[in-house]
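Below is one structure, written out as structure tokens; the observations come after it.
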Amino acid sequence: MTTLPDPANATYVYVGAFVDELARADVRNVVICPGSRSTPLALTFAEHPEIRVWMHIDERSAAFFALGMAKRSEQPVALLCSSGTAAANFFPAIIEAKLTHVSLLILTADRPHELRDCGAPQAIDQNRLYGAYPKWFVDVLLPEATNAALRYIRTLAGRAAALARAVPAGPVHLNFPLREPLTPDPSAGQELPPPAQRDPIAWYGRPGNAPYIEVTESPLAAPPISAIRNIAAQLQAAPRGLIVVGPQHNPALADELTALARRLDYPILADALSQVRCGPRERNLVLSSYDAFLRDDAFISAEQPQIVLRFGAMPTAKPLLLYLQRYPTCPQIVIDGNAGWEEPTQLASTLIHADPVAFCQELLVMLDAGMGGASPRPYGYDSWLESWQEADRVTREALQAAIQDFAPFFEGRVFSELAELLPDEATLYAGNSMPVRDLDTFFWSSARRLRIMGNRGANGIDGVLSSALGASAAAPEQPTVLVVGDLSFLHDLNGLLAARLHRLNLTIILVNNDGGGIFSFLPQAAHPEHFEQLFGTPTGLDVRPAVEMYGGQFQRVESWEQFRGGVRGGIAGTGLHVIEVDTERASNVSMHRQLWQVVTRALREARQHEE
């Protein structure tokens, strides 16, 4: 057995083994915030040839940057900070990572145990700092250069990376207590050795770059044949069914859902964040305007479902939720691919923990084999599908025509314009509050392969700029466009520094209605005496100087022609581009409500024409 002869700084041997093992576990990116206590980890990450360092000065923005990068790359991203309140600033992004199943490896430096709870500076209680949100927490062993400690730290690194990836993916928190000295002393021969020479463990026959421990995870499979047979029978006996798909990450699900919908003659109600609306596939079964036509009482009264298959998280559209609540006895089958409980309606009759792709494939086999055991469908059953398709077509055409007449700017039109402007393989990131809702209603189906993303776990307005920049960093060859409101923009202004530091490309469409536009749609608007102070919250700020301070280009557009030119220029260019679209909150509410009336009239006229 190989031993290490009295290392000058055991901390770097120990930390080096940990970082080496993360690289062997295919962790390729680490987001680092500056600090003293985290120095051993930071220096070792910076020296490792297989890991890229992304520096951020603001911990909250850094954490959301890592979130966006991990979400877009579908790979774990490490996140490092010093001790104290620096670690507390990671919390909002960790919550979002937990709720949206994003792989983050949280590394917080800490004071050693003798300096805890005794008044030492920059020390807080970091033990389980993030509560129940991480999948796993470890207060890591203090550094040692013994074989036992190095086996421990290598095993810990492999386990943590694997657990962050495993279904359901999510954050893992490792808290590193570190004693001084925190830096190697070159005068004492303590230069950082190359990674291959840091480890005193003879590899016991392990090949080249193999991990110390290789962890294999078996993904969720399809449910048992008996369960699928039962579901197939229910579907065969229910010609009036719906497939509902909410926010989810896996683009491979779209083809399987389309095949299933075609086999069942069911419409797919696809949330904009479902990865189902866009792509070079059959899209006549995919409906995107249901947020508008499910506001029409005549339609929802006439179209009562017999069964609902739901995938992903709960969709954004509240009219869909109200529609489902109107028919509480309708069986709802929820397929949860994250082994959780994505079912806030309390209406589901069946919840299945299974891989959604495998579930669809097995169900299709069962249906094609006629193993559902149900009687044939009655003549004319396909009128159900046609009714939903016609409502979607009429609604989309009515909305397209009506928004052309709104001047100067209607916020929802931003997304109908982007549906035509975005090139193949682009990423569209939507902020919360009004942008994601307008995205859901006004971004219609596209044949181009587009990745549409948002932070819909906790639905917060914080960190959205950083998340979009992280997504851009993960896919630097494809354009990334963010649509965000002014309050959310200001909330994460520090995040723009990443674009300059790391030379990232991002086009931001800033919908500026000088305040919290969504509150004008809510009951709070009925209290005008305090509305502006407490909810409207106007700031009156000109963001141009801030954008230019961070090295970005700013353009305030006055027409849709200028808007289209600005977006094309931003996508074709490099660096940070901010395109401001000025709107007015009260008129925006009025225009939305006019559109719902337009849709109701159009649907009524279509029904009268059929009669």
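In the structure tokens, the first chain shown is A, the next is B, and so on; residue numbers restart at 1 for each chain, and ligands run from 1 in the order shown.
Of the residues in segment 145-335 of chain A, those given strand (DSSP E or B) by DSSP on the backbone are Pro171, Val172, His173, Leu174, Asn175, Phe176, Pro177, Gly241, Leu242, Ile243, Val244, Val245, Ile268, Leu269, Ala270, Cys278, Val286, Leu287, Ile307, Val308, Leu309, Arg310, Phe311, Gln332, Ile333, Val334 and Ile335 of chain A.
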What's the 9 Å shell around segment 440-445 of chain A, counting only C-alpha atoms, without same-chain residues fewer than 6 positions away, as a PDB file with all heavy atoms, in the first residue's frame?
```pdb
ATOM      1  N   ALA A 270     -50.633  21.370 -25.010  1.00  0.00           N
ATOM      2  CA  ALA A 270     -49.194  21.418 -24.733  1.00  0.00           C
ATOM      3  C   ALA A 270     -48.790  22.774 -24.188  1.00  0.00           C
ATOM      4  O   ALA A 270     -48.885  23.787 -24.883  1.00  0.00           O
ATOM      5  CB  ALA A 270     -48.401  21.109 -26.005  1.00  0.00           C
ATOM      6  N   ASP A 271     -48.343  22.799 -22.935  1.00  0.00           N
ATOM      7  CA  ASP A 271     -47.764  24.005 -22.358  1.00  0.00           C
ATOM      8  C   ASP A 271     -46.561  24.437 -23.190  1.00  0.00           C
ATOM      9  O   ASP A 271     -45.854  23.613 -23.777  1.00  0.00           O
ATOM     10  CB  ASP A 271     -47.341  23.709 -20.912  1.00  0.00           C
ATOM     11  CG  ASP A 271     -46.897  24.943 -20.156  1.00  0.00           C
ATOM     12  OD1 ASP A 271     -45.759  25.398 -20.375  1.00  0.00           O
ATOM     13  OD2 ASP A 271     -47.679  25.456 -19.331  1.00  0.00           O
ATOM     14  N   ALA A 272     -46.323  25.736 -23.230  1.00  0.00           N
ATOM     15  CA  ALA A 272     -45.205  26.239 -24.031  1.00  0.00           C
ATOM     16  C   ALA A 272     -43.862  25.697 -23.547  1.00  0.00           C
ATOM     17  O   ALA A 272     -42.912  25.604 -24.327  1.00  0.00           O
ATOM     18  CB  ALA A 272     -45.190  27.766 -24.003  1.00  0.00           C
ATOM     19  N   LEU A 273     -43.763  25.325 -22.261  1.00  0.00           N
ATOM     20  CA  LEU A 273     -42.522  24.814 -21.695  1.00  0.00           C
ATOM     21  C   LEU A 273     -42.450  23.290 -21.733  1.00  0.00           C
ATOM     22  O   LEU A 273     -41.585  22.688 -21.103  1.00  0.00           O
ATOM     23  CB  LEU A 273     -42.356  25.292 -20.251  1.00  0.00           C
ATOM     24  CG  LEU A 273     -42.343  26.808 -20.043  1.00  0.00           C
ATOM     25  CD1 LEU A 273     -42.291  27.138 -18.563  1.00  0.00           C
ATOM     26  CD2 LEU A 273     -41.186  27.456 -20.770  1.00  0.00           C
ATOM     27  N   VAL A 276     -43.039  20.296 -26.571  1.00  0.00           N
ATOM     28  CA  VAL A 276     -43.888  19.550 -27.500  1.00  0.00           C
ATOM     29  C   VAL A 276     -44.404  20.435 -28.634  1.00  0.00           C
ATOM     30  O   VAL A 276     -44.691  19.949 -29.717  1.00  0.00           O
ATOM     31  CB  VAL A 276     -45.071  18.900 -26.745  1.00  0.00           C
ATOM     32  CG1 VAL A 276     -46.053  18.233 -27.690  1.00  0.00           C
ATOM     33  CG2 VAL A 276     -44.545  17.874 -25.738  1.00  0.00           C
ATOM     34  N   ARG A 277     -44.508  21.737 -28.417  1.00  0.00           N
ATOM     35  CA  ARG A 277     -45.103  22.600 -29.439  1.00  0.00           C
ATOM     36  C   ARG A 277     -44.259  22.741 -30.695  1.00  0.00           C
ATOM     37  O   ARG A 277     -44.796  23.003 -31.772  1.00  0.00           O
ATOM     38  CB  ARG A 277     -45.357  24.004 -28.870  1.00  0.00           C
ATOM     39  CG  ARG A 277     -46.502  24.077 -27.901  1.00  0.00           C
ATOM     40  CD  ARG A 277     -46.873  25.519 -27.615  1.00  0.00           C
ATOM     41  NE  ARG A 277     -47.863  25.612 -26.542  1.00  0.00           N
ATOM     42  CZ  ARG A 277     -48.369  26.744 -26.086  1.00  0.00           C
ATOM     43  NH1 ARG A 277     -47.969  27.890 -26.612  1.00  0.00           N
ATOM     44  NH2 ARG A 277     -49.253  26.732 -25.114  1.00  0.00           N
ATOM     45  N   CYS A 278     -42.954  22.621 -30.561  1.00  0.00           N
ATOM     46  CA  CYS A 278     -42.076  22.943 -31.688  1.00  0.00           C
ATOM     47  C   CYS A 278     -41.309  21.722 -32.163  1.00  0.00           C
ATOM     48  O   CYS A 278     -41.004  20.822 -31.379  1.00  0.00           O
ATOM     49  CB  CYS A 278     -41.086  24.047 -31.283  1.00  0.00           C
ATOM     50  SG  CYS A 278     -41.895  25.578 -30.765  1.00  0.00           S
ATOM     51  N   GLY A 279     -40.984  21.702 -33.450  1.00  0.00           N
ATOM     52  CA  GLY A 279     -40.163  20.639 -34.004  1.00  0.00           C
ATOM     53  C   GLY A 279     -40.717  20.125 -35.311  1.00  0.00           C
ATOM     54  O   GLY A 279     -41.900  20.318 -35.628  1.00  0.00           O
ATOM     55  N   ARG A 283     -47.935  18.252 -36.199  1.00  0.00           N
ATOM     56  CA  ARG A 283     -48.333  19.147 -35.117  1.00  0.00           C
ATOM     57  C   ARG A 283     -49.822  19.473 -35.141  1.00  0.00           C
ATOM     58  O   ARG A 283     -50.273  20.310 -34.354  1.00  0.00           O
ATOM     59  CB  ARG A 283     -47.520  20.445 -35.185  1.00  0.00           C
ATOM     60  CG  ARG A 283     -46.026  20.242 -34.973  1.00  0.00           C
ATOM     61  CD  ARG A 283     -45.275  21.553 -34.859  1.00  0.00           C
ATOM     62  NE  ARG A 283     -45.637  22.484 -35.928  1.00  0.00           N
ATOM     63  CZ  ARG A 283     -45.197  22.420 -37.172  1.00  0.00           C
ATOM     64  NH1 ARG A 283     -44.378  21.440 -37.529  1.00  0.00           N
ATOM     65  NH2 ARG A 283     -45.563  23.291 -38.074  1.00  0.00           N
ATOM     66  N   VAL A 286     -51.386  18.992 -31.812  1.00  0.00           N
ATOM     67  CA  VAL A 286     -50.849  19.780 -30.701  1.00  0.00           C
ATOM     68  C   VAL A 286     -51.542  21.138 -30.676  1.00  0.00           C
ATOM     69  O   VAL A 286     -51.414  21.931 -31.617  1.00  0.00           O
ATOM     70  CB  VAL A 286     -49.321  19.953 -30.836  1.00  0.00           C
ATOM     71  CG1 VAL A 286     -48.782  20.794 -29.692  1.00  0.00           C
ATOM     72  CG2 VAL A 286     -48.642  18.590 -30.862  1.00  0.00           C
ATOM     73  N   LEU A 287     -52.259  21.419 -29.606  1.00  0.00           N
ATOM     74  CA  LEU A 287     -53.016  22.662 -29.478  1.00  0.00           C
ATOM     75  C   LEU A 287     -52.262  23.630 -28.575  1.00  0.00           C
ATOM     76  O   LEU A 287     -51.738  23.244 -27.531  1.00  0.00           O
ATOM     77  CB  LEU A 287     -54.403  22.388 -28.910  1.00  0.00           C
ATOM     78  CG  LEU A 287     -55.211  21.256 -29.570  1.00  0.00           C
ATOM     79  CD1 LEU A 287     -56.628  21.247 -29.015  1.00  0.00           C
ATOM     80  CD2 LEU A 287     -55.230  21.399 -31.086  1.00  0.00           C
ATOM     81  N   SER A 288     -52.229  24.896 -28.986  1.00  0.00           N
ATOM     82  CA  SER A 288     -51.460  25.889 -28.236  1.00  0.00           C
ATOM     83  C   SER A 288     -52.288  27.089 -27.791  1.00  0.00           C
ATOM     84  O   SER A 288     -51.759  27.953 -27.087  1.00  0.00           O
ATOM     85  CB  SER A 288     -50.280  26.377 -29.088  1.00  0.00           C
ATOM     86  OG  SER A 288     -50.744  26.904 -30.325  1.00  0.00           O
ATOM     87  N   SER A 289     -53.571  27.164 -28.177  1.00  0.00           N
ATOM     88  CA  SER A 289     -54.381  28.352 -27.854  1.00  0.00           C
ATOM     89  C   SER A 289     -55.454  28.067 -26.809  1.00  0.00           C
ATOM     90  O   SER A 289     -56.392  28.840 -26.650  1.00  0.00           O
ATOM     91  CB  SER A 289     -55.046  28.888 -29.134  1.00  0.00           C
ATOM     92  OG  SER A 289     -54.077  29.279 -30.075  1.00  0.00           O
ATOM     93  N   TYR A 290     -55.303  26.963 -26.086  1.00  0.00           N
ATOM     94  CA  TYR A 290     -56.367  26.562 -25.153  1.00  0.00           C
ATOM     95  C   TYR A 290     -56.514  27.529 -23.981  1.00  0.00           C
ATOM     96  O   TYR A 290     -57.581  27.628 -23.382  1.00  0.00           O
ATOM     97  CB  TYR A 290     -56.118  25.137 -24.648  1.00  0.00           C
ATOM     98  CG  TYR A 290     -54.776  24.938 -23.984  1.00  0.00           C
ATOM     99  CD1 TYR A 290     -54.609  25.163 -22.624  1.00  0.00           C
ATOM    100  CD2 TYR A 290     -53.676  24.520 -24.723  1.00  0.00           C
ATOM    101  CE1 TYR A 290     -53.385  24.991 -22.018  1.00  0.00           C
ATOM    102  CE2 TYR A 290     -52.448  24.348 -24.133  1.00  0.00           C
ATOM    103  CZ  TYR A 290     -52.301  24.578 -22.769  1.00  0.00           C
ATOM    104  OH  TYR A 290     -51.077  24.419 -22.177  1.00  0.00           O
ATOM    105  N   ASP A 291     -55.441  28.260 -23.632  1.00  0.00           N
ATOM    106  CA  ASP A 291     -55.573  29.253 -22.569  1.00  0.00           C
ATOM    107  C   ASP A 291     -56.640  30.280 -22.918  1.00  0.00           C
ATOM    108  O   ASP A 291     -57.327  30.803 -22.027  1.00  0.00           O
ATOM    109  CB  ASP A 291     -54.236  29.965 -22.339  1.00  0.00           C
ATOM    110  CG  ASP A 291     -54.335  31.061 -21.295  1.00  0.00           C
ATOM    111  OD1 ASP A 291     -54.318  30.733 -20.094  1.00  0.00           O
ATOM    112  OD2 ASP A 291     -54.448  32.249 -21.685  1.00  0.00           O
ATOM    113  N   ALA A 292     -56.807  30.554 -24.215  1.00  0.00           N
ATOM    114  CA  ALA A 292     -57.816  31.528 -24.653  1.00  0.00           C
ATOM    115  C   ALA A 292     -59.185  30.885 -24.823  1.00  0.00           C
ATOM    116  O   ALA A 292     -60.192  31.380 -24.291  1.00  0.00           O
ATOM    117  CB  ALA A 292     -57.367  32.182 -25.960  1.00  0.00           C
ATOM    118  N   THR A 316     -49.177  26.010 -17.061  1.00  0.00           N
ATOM    119  CA  THR A 316     -49.273  27.400 -16.603  1.00  0.00           C
ATOM    120  C   THR A 316     -50.699  27.926 -16.652  1.00  0.00           C
ATOM    121  O   THR A 316     -51.116  28.698 -15.784  1.00  0.00           O
ATOM    122  CB  THR A 316     -48.364  28.285 -17.485  1.00  0.00           C
ATOM    123  OG1 THR A 316     -47.019  27.805 -17.412  1.00  0.00           O
ATOM    124  CG2 THR A 316     -48.419  29.737 -17.046  1.00  0.00           C
ATOM    125  N   ALA A 317     -51.479  27.532 -17.669  1.00  0.00           N
ATOM    126  CA  ALA A 317     -52.770  28.164 -17.960  1.00  0.00           C
ATOM    127  C   ALA A 317     -53.807  27.881 -16.870  1.00  0.00           C
ATOM    128  O   ALA A 317     -54.211  26.736 -16.660  1.00  0.00           O
ATOM    129  CB  ALA A 317     -53.295  27.676 -19.308  1.00  0.00           C
ATOM    130  N   ARG A 396     -56.704  30.888 -32.727  1.00  0.00           N
ATOM    131  CA  ARG A 396     -55.409  31.399 -33.186  1.00  0.00           C
ATOM    132  C   ARG A 396     -55.595  32.434 -34.287  1.00  0.00           C
ATOM    133  O   ARG A 396     -54.949  33.498 -34.267  1.00  0.00           O
ATOM    134  CB  ARG A 396     -54.541  30.246 -33.673  1.00  0.00           C
ATOM    135  CG  ARG A 396     -53.136  30.661 -34.064  1.00  0.00           C
ATOM    136  CD  ARG A 396     -52.241  29.463 -34.357  1.00  0.00           C
ATOM    137  NE  ARG A 396     -52.724  28.687 -35.489  1.00  0.00           N
ATOM    138  CZ  ARG A 396     -53.294  27.493 -35.402  1.00  0.00           C
ATOM    139  NH1 ARG A 396     -53.488  26.935 -34.216  1.00  0.00           N
ATOM    140  NH2 ARG A 396     -53.691  26.847 -36.474  1.00  0.00           N
ATOM    141  N   LEU A 399     -56.960  35.674 -32.768  1.00  0.00           N
ATOM    142  CA  LEU A 399     -55.934  36.402 -32.028  1.00  0.00           C
ATOM    143  C   LEU A 399     -54.919  37.037 -32.973  1.00  0.00           C
ATOM    144  O   LEU A 399     -54.526  38.199 -32.798  1.00  0.00           O
ATOM    145  CB  LEU A 399     -55.220  35.454 -31.063  1.00  0.00           C
ATOM    146  CG  LEU A 399     -56.026  34.917 -29.873  1.00  0.00           C
ATOM    147  CD1 LEU A 399     -55.222  33.880 -29.101  1.00  0.00           C
ATOM    148  CD2 LEU A 399     -56.458  36.045 -28.953  1.00  0.00           C
ATOM    149  N   GLN A 400     -54.509  36.296 -33.980  1.00  0.00           N
ATOM    150  CA  GLN A 400     -53.535  36.832 -34.935  1.00  0.00           C
ATOM    151  C   GLN A 400     -54.057  38.088 -35.615  1.00  0.00           C
ATOM    152  O   GLN A 400     -53.323  39.072 -35.800  1.00  0.00           O
ATOM    153  CB  GLN A 400     -53.201  35.775 -35.984  1.00  0.00           C
ATOM    154  CG  GLN A 400     -52.300  34.664 -35.491  1.00  0.00           C
ATOM    155  CD  GLN A 400     -52.108  33.563 -36.514  1.00  0.00           C
ATOM    156  OE1 GLN A 400     -53.039  33.216 -37.236  1.00  0.00           O
ATOM    157  NE2 GLN A 400     -50.916  32.995 -36.576  1.00  0.00           N
ATOM    158  N   GLY A 412     -48.355  40.610 -25.557  1.00  0.00           N
ATOM    159  CA  GLY A 412     -48.448  39.251 -26.063  1.00  0.00           C
ATOM    160  C   GLY A 412     -47.884  39.082 -27.456  1.00  0.00           C
ATOM    161  O   GLY A 412     -47.413  37.995 -27.827  1.00  0.00           O
ATOM    162  N   ARG A 413     -47.903  40.150 -28.248  1.00  0.00           N
ATOM    163  CA  ARG A 413     -47.408  40.056 -29.625  1.00  0.00           C
ATOM    164  C   ARG A 413     -45.903  39.802 -29.677  1.00  0.00           C
ATOM    165  O   ARG A 413     -45.397  39.301 -30.692  1.00  0.00           O
ATOM    166  CB  ARG A 413     -47.776  41.319 -30.401  1.00  0.00           C
ATOM    167  CG  ARG A 413     -47.412  41.239 -31.874  1.00  0.00           C
ATOM    168  CD  ARG A 413     -47.988  42.382 -32.671  1.00  0.00           C
ATOM    169  NE  ARG A 413     -47.426  42.421 -34.018  1.00  0.00           N
ATOM    170  CZ  ARG A 413     -47.759  43.304 -34.948  1.00  0.00           C
ATOM    171  NH1 ARG A 413     -48.689  44.238 -34.675  1.00  0.00           N
ATOM    172  NH2 ARG A 413     -47.198  43.283 -36.142  1.00  0.00           N
ATOM    173  N   VAL A 414     -45.189  40.133 -28.614  1.00  0.00           N
ATOM    174  CA  VAL A 414     -43.759  39.820 -28.562  1.00  0.00           C
ATOM    175  C   VAL A 414     -43.529  38.357 -28.912  1.00  0.00           C
ATOM    176  O   VAL A 414     -42.619  38.002 -29.674  1.00  0.00           O
ATOM    177  CB  VAL A 414     -43.195  40.149 -27.166  1.00  0.00           C
ATOM    178  CG1 VAL A 414     -41.822  39.505 -26.964  1.00  0.00           C
ATOM    179  CG2 VAL A 414     -43.106  41.661 -26.969  1.00  0.00           C
ATOM    180  N   PHE A 415     -44.395  37.481 -28.385  1.00  0.00           N
ATOM    181  CA  PHE A 415     -44.173  36.044 -28.578  1.00  0.00           C
ATOM    182  C   PHE A 415     -44.660  35.559 -29.937  1.00  0.00           C
ATOM    183  O   PHE A 415     -44.041  34.655 -30.524  1.00  0.00           O
ATOM    184  CB  PHE A 415     -44.831  35.266 -27.445  1.00  0.00           C
ATOM    185  CG  PHE A 415     -44.141  35.469 -26.129  1.00  0.00           C
ATOM    186  CD1 PHE A 415     -44.652  36.343 -25.184  1.00  0.00           C
ATOM    187  CD2 PHE A 415     -42.952  34.822 -25.866  1.00  0.00           C
ATOM    188  CE1 PHE A 415     -43.997  36.543 -23.983  1.00  0.00           C
ATOM    189  CE2 PHE A 415     -42.285  35.018 -24.658  1.00  0.00           C
ATOM    190  CZ  PHE A 415     -42.805  35.885 -23.719  1.00  0.00           C
ATOM    191  N   SER A 416     -45.727  36.125 -30.458  1.00  0.00           N
ATOM    192  CA  SER A 416     -46.128  35.718 -31.810  1.00  0.00           C
ATOM    193  C   SER A 416     -45.095  36.167 -32.832  1.00  0.00           C
ATOM    194  O   SER A 416     -44.851  35.488 -33.840  1.00  0.00           O
ATOM    195  CB  SER A 416     -47.515  36.278 -32.146  1.00  0.00           C
ATOM    196  OG  SER A 416     -47.528  37.688 -32.133  1.00  0.00           O
ATOM    197  N   GLU A 417     -44.450  37.311 -32.586  1.00  0.00           N
ATOM    198  CA  GLU A 417     -43.362  37.744 -33.461  1.00  0.00           C
ATOM    199  C   GLU A 417     -42.162  36.812 -33.333  1.00  0.00           C
ATOM    200  O   GLU A 417     -41.547  36.426 -34.337  1.00  0.00           O
ATOM    201  CB  GLU A 417     -42.943  39.176 -33.113  1.00  0.00           C
ATOM    202  CG  GLU A 417     -43.992  40.239 -33.420  1.00  0.00           C
ATOM    203  CD  GLU A 417     -44.085  40.559 -34.907  1.00  0.00           C
ATOM    204  OE1 GLU A 417     -43.131  40.237 -35.647  1.00  0.00           O
ATOM    205  OE2 GLU A 417     -45.107  41.139 -35.319  1.00  0.00           O
ATOM    206  N   LEU A 418     -41.816  36.423 -32.102  1.00  0.00           N
ATOM    207  CA  LEU A 418     -40.666  35.547 -31.904  1.00  0.00           C
ATOM    208  C   LEU A 418     -40.888  34.174 -32.526  1.00  0.00           C
ATOM    209  O   LEU A 418     -39.921  33.530 -32.975  1.00  0.00           O
ATOM    210  CB  LEU A 418     -40.380  35.395 -30.404  1.00  0.00           C
ATOM    211  CG  LEU A 418     -39.743  36.601 -29.705  1.00  0.00           C
ATOM    212  CD1 LEU A 418     -39.608  36.334 -28.218  1.00  0.00           C
ATOM    213  CD2 LEU A 418     -38.383  36.928 -30.319  1.00  0.00           C
ATOM    214  N   ALA A 419     -42.135  33.721 -32.558  1.00  0.00           N
ATOM    215  CA  ALA A 419     -42.418  32.426 -33.174  1.00  0.00           C
ATOM    216  C   ALA A 419     -41.984  32.413 -34.637  1.00  0.00           C
ATOM    217  O   ALA A 419     -41.648  31.353 -35.179  1.00  0.00           O
ATOM    218  CB  ALA A 419     -43.904  32.097 -33.050  1.00  0.00           C
TER     219      ALA A 419
END
```
Open item on the list: Could you go through segment 249-459 of chain A and tell me which residues DSSP, when run on the backbone, assigns to helix (DSSP H, G or I), listing them as a ChimeraX atom specification?
Closed with: /A:253-264,272-274,290-293,297-302,318-326,356-368,383-403,413-421,434-442
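Among the candidates A:Val30, A:Ile106, A:Leu285, A:Ala447, the one nearest to Glu386 of chain A when counting only C-alpha atoms is A:Leu285.
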Task: Best match for closeness to Ile32 of chain A among A:Ala10, A:Ala498, A:Val357, A:Cys81, counting only C-alpha atoms - done: A:Cys81
Task: Distance criterion (only C-alpha atoms): nearest to Leu385 of chain A out of A:Val167, A:Ala252, A:Ala261, A:Val53 - done: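 The answer is A:Ala261, which sits nearest to Leu385 of chain A.
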Task: Close residues, Ala222 of chain A itself excluded, 9 Å, only C-alpha atoms, min 5 positions apart in chain, as a VMD selection string - done: chain A and resid 228 353 to 362
Determine, counting only C-alpha atoms, which protein, DNA and RNA residues have an atom within 7 Å of an atom of segment 544-559 of chain A; residues of the same chain fewer than 2 positions away are not included. Present the result as a short mmCIF file (atom, residue, chain, number, x, y, z; two decimals) with N, CA, C and O atoms, in the first residue's frame.
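As a result, around_22.cif now contains:
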```cif
data_model
loop_
_atom_site.label_atom_id
_atom_site.label_comp_id
_atom_site.auth_asym_id
_atom_site.auth_seq_id
_atom_site.Cartn_x
_atom_site.Cartn_y
_atom_site.Cartn_z
N LEU A 496 -25.97 40.46 -15.16
CA LEU A 496 -25.48 40.86 -16.48
C LEU A 496 -23.96 40.86 -16.56
O LEU A 496 -23.39 40.78 -17.65
N LEU A 497 -23.30 40.93 -15.41
CA LEU A 497 -21.84 40.94 -15.42
C LEU A 497 -21.29 39.67 -16.06
O LEU A 497 -20.21 39.68 -16.68
N ARG A 500 -20.39 39.92 -19.69
CA ARG A 500 -19.12 40.60 -19.99
C ARG A 500 -17.92 39.74 -19.58
O ARG A 500 -16.96 39.61 -20.34
N ASP A 542 -34.35 54.41 -16.14
CA ASP A 542 -33.83 54.21 -17.49
C ASP A 542 -32.71 53.18 -17.38
O ASP A 542 -31.67 53.43 -16.75
N GLU A 561 -41.55 46.84 -36.69
CA GLU A 561 -40.49 46.71 -37.68
C GLU A 561 -39.13 46.86 -37.03
O GLU A 561 -38.20 46.08 -37.29
N GLN A 562 -39.00 47.86 -36.13
CA GLN A 562 -37.74 48.03 -35.40
C GLN A 562 -37.49 46.83 -34.48
O GLN A 562 -36.35 46.38 -34.32
N PHE A 563 -38.55 46.31 -33.89
CA PHE A 563 -38.42 45.15 -33.01
C PHE A 563 -37.84 43.97 -33.78
O PHE A 563 -36.88 43.32 -33.34
N GLY A 575 -22.30 38.99 -27.97
CA GLY A 575 -22.40 39.77 -26.75
C GLY A 575 -23.83 39.94 -26.28
O GLY A 575 -24.75 39.23 -26.68
N LEU A 576 -24.02 40.92 -25.42
CA LEU A 576 -25.31 41.20 -24.78
C LEU A 576 -26.06 42.27 -25.57
O LEU A 576 -25.52 43.34 -25.85
N HIS A 577 -27.31 41.96 -25.93
CA HIS A 577 -28.17 42.91 -26.63
C HIS A 577 -29.48 43.01 -25.83
O HIS A 577 -30.12 41.99 -25.56
N VAL A 578 -29.87 44.21 -25.48
CA VAL A 578 -31.13 44.44 -24.76
C VAL A 578 -32.03 45.30 -25.64
O VAL A 578 -31.66 46.40 -26.05
N ILE A 579 -33.22 44.76 -25.93
CA ILE A 579 -34.22 45.45 -26.75
C ILE A 579 -35.39 45.79 -25.84
O ILE A 579 -36.07 44.89 -25.33
N GLU A 580 -35.62 47.06 -25.60
CA GLU A 580 -36.70 47.47 -24.69
C GLU A 580 -37.97 47.76 -25.47
O GLU A 580 -37.97 48.51 -26.46
N VAL A 581 -39.06 47.14 -25.02
CA VAL A 581 -40.39 47.37 -25.56
C VAL A 581 -41.21 48.04 -24.46
O VAL A 581 -41.54 47.41 -23.46
#
```
Open item on the list: Measuring between only C-alpha atoms, which one of A:Leu174, A:Ala302, A:Leu163, A:Val483 shows the shortest distance to Phe137 of chain A?
Closed with: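 Among the listed residues, the smallest separation from Phe137 of chain A belongs to A:Leu174.
Atom CA of Ile124 of chain A to atom CA of Ser61 of chain A spans 20.9 Å [interatomic distance, one decimal].
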TODO: Identify, on the basis of only C-alpha atoms, every residue whose closest approach to Tyr212 of chain A does not exceed 8 Å; exclude the query and any residue fewer than 5 positions from it along the same chain; express the result as a PyMOL selection string.
DONE: chain A and resi 21+154-155+158+206
Task: Minimum-distance residue to Ala169 of chain A, chosen among A:His113, A:Arg37, A:Lys98, A:Arg229 (using only C-alpha atoms) - done: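 Closest to Ala169 of chain A of all the choices is A:Lys98.
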Open item on the list: as a ChimeraX atom specification, please: the residues near segment 213-215 of chain A (cut-off 12 Å, only C-alpha atoms, same-chain neighbours under 5 positions excluded).
Closed with: /A:21-22,24-26,151-166,203,206-207
Task: Gap from atom CA of Thr258 of chain A to atom CA of Asp368 of chain A - Å, one decimal - done: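 These atoms are spaced 14.9 Å apart.
Using only C-alpha atoms, the nearest neighbour of Asp110 of chain A within the list A:Thr11, A:Gln404, A:Asn175, A:Gln75 is A:Asn175.
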